[in-house]
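S.K.: The structure that follows is given in the form of structure tokens.
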Amino acid sequence: TLYTDSYAVQQLKELKVNAVNLAHNHIQDKGLDGISETMKYLLNNDIKCFGAGKNIEEAKKPYHIKKNIVVLGYCEFDKIYLNQIVVASKSKAGVNPLRYENIIDDLNKLNHGTKAILYFHWGREHVFLPTYDDIELVKKLLEDDRVLLIVGMHPHRPQGYIEHNNKKAYMCLGNFLFPNFLIIQTLKQT
């Protein structure tokens, strides 16, 4: 549905992007082989990636910002607004699934003293407020000493932040790369 040619990697390099989260609903738009292809282009251009892979082991790999700080990427699935997501398995490409138990499993695999920034692709598009369940999940995760911060994306608009346990969860930062089609379509109709 939405993908670009490999020239976009050069634009990321020009923006000095060090790493990208591949745990999102468009990573499989060129099929499951598109995940490996995207990773190849990124890695060949010294841009790291996380959150998806050729299998679940690769999708779960953290991106190291510093020796003791990592970023872990997750994508919500099986929702009416994110329902065509392919979750990685031992033998299938896909995303790292956004489930509490999976996140805790990933945190348990970190070296002692390592902290994590959790990067979520989740939430209903074009709404200003996150769901109650998402708020409860971030509060529960912010209780964990290994979690530094939570950053969300997907709803196409900023959704504010939750502050809990002296940490923050930014529920959605809005869009970075492509325009808000709903707004463009609405403007054309007026």
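Ordering of the structure tokens sets the chain letters (A, B, ...); residue numbers start at 1 within each chain; ligands are numbered from 1 in the order shown.
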Which residues of range 108-143 of chain A have any atom within 10 Å of an atom in range 34-53 of chain A when counting only C-alpha atoms, and what is the closest pair of atoms for each, with the distance in Å to one decimal? Order the rows by chain and rising number and write it as CSV.

M.R.:
```
residue,atom,partner,partner_atom,distance
A:Tyr119,CA,A:Gly51,CA,8.6
A:Phe120,CA,A:Gly51,CA,9.3
A:His121,CA,A:Gly51,CA,9.8
```

S.K.: Applying 10 Å and only C-alpha atoms, which residues near Leu173 in chain A remain after dropping the ones on its own chain fewer than 5 positions away? List them as a list in words.

M.R.: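 My reading of the contact set: Val151, Gly152, Met153, His154, Pro155, His156, Arg157, Pro158, Gln159, Gly160 and Tyr161 of chain A.
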
S.K.: If you keep C-alpha atoms, can you produce a file of those selected residues as a PDB file, in the first residue's frame?

M.R.:
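Resulting contents of part_12.pdb:
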```
ATOM      1  CA  VAL A 151       7.125   6.475  22.797  1.00  0.00           C
ATOM      2  CA  GLY A 152       4.053   5.774  20.677  1.00  0.00           C
ATOM      3  CA  MET A 153       3.077   6.320  17.060  1.00  0.00           C
ATOM      4  CA  HIS A 154       0.309   5.461  14.568  1.00  0.00           C
ATOM      5  CA  PRO A 155      -2.787   7.613  15.339  1.00  0.00           C
ATOM      6  CA  HIS A 156      -1.587  10.418  12.986  1.00  0.00           C
ATOM      7  CA  ARG A 157      -1.914  13.096  15.642  1.00  0.00           C
ATOM      8  CA  PRO A 158      -0.275  13.935  18.960  1.00  0.00           C
ATOM      9  CA  GLN A 159      -2.032  12.312  21.900  1.00  0.00           C
ATOM     10  CA  GLY A 160      -0.200  13.828  24.844  1.00  0.00           C
ATOM     11  CA  TYR A 161       1.682  11.932  27.483  1.00  0.00           C
TER      12      TYR A 161
END
```

S.K.: Taking into account only C-alpha atoms, which residue in the set A:Lys67, A:Lys60, A:Cys172, A:Ala8 is nearest to Thr114 in chain A?

M.R.: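 Nearest candidate to Thr114 in chain A out of A:Lys67, A:Lys60, A:Cys172, A:Ala8: A:Lys67.
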
S.K.: Expressed in Å to a single decimal, how great is the separation between CA of Lys54 in chain A and CA of Asn68 in chain A?

M.R.: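 Calculated distance between CA of Lys54 in chain A and CA of Asn68 in chain A is 25.7 Å.
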
S.K.: Residues within 12 Å of Lys66 in chain A, please, as a PyMOL selection string. Count only C-alpha atoms; anything in the same chain fewer than 4 positions from it doesn't count.

M.R.: chain A and resi 62+70-71+114-117

S.K.: Report, in Å to a single decimal, how far apart CA of Ile56 in chain A and CA of Thr131 in chain A are.

M.R.: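 Answer for the CA of Thr131 in chain A to CA of Ile56 in chain A separation: 27.1 Å.
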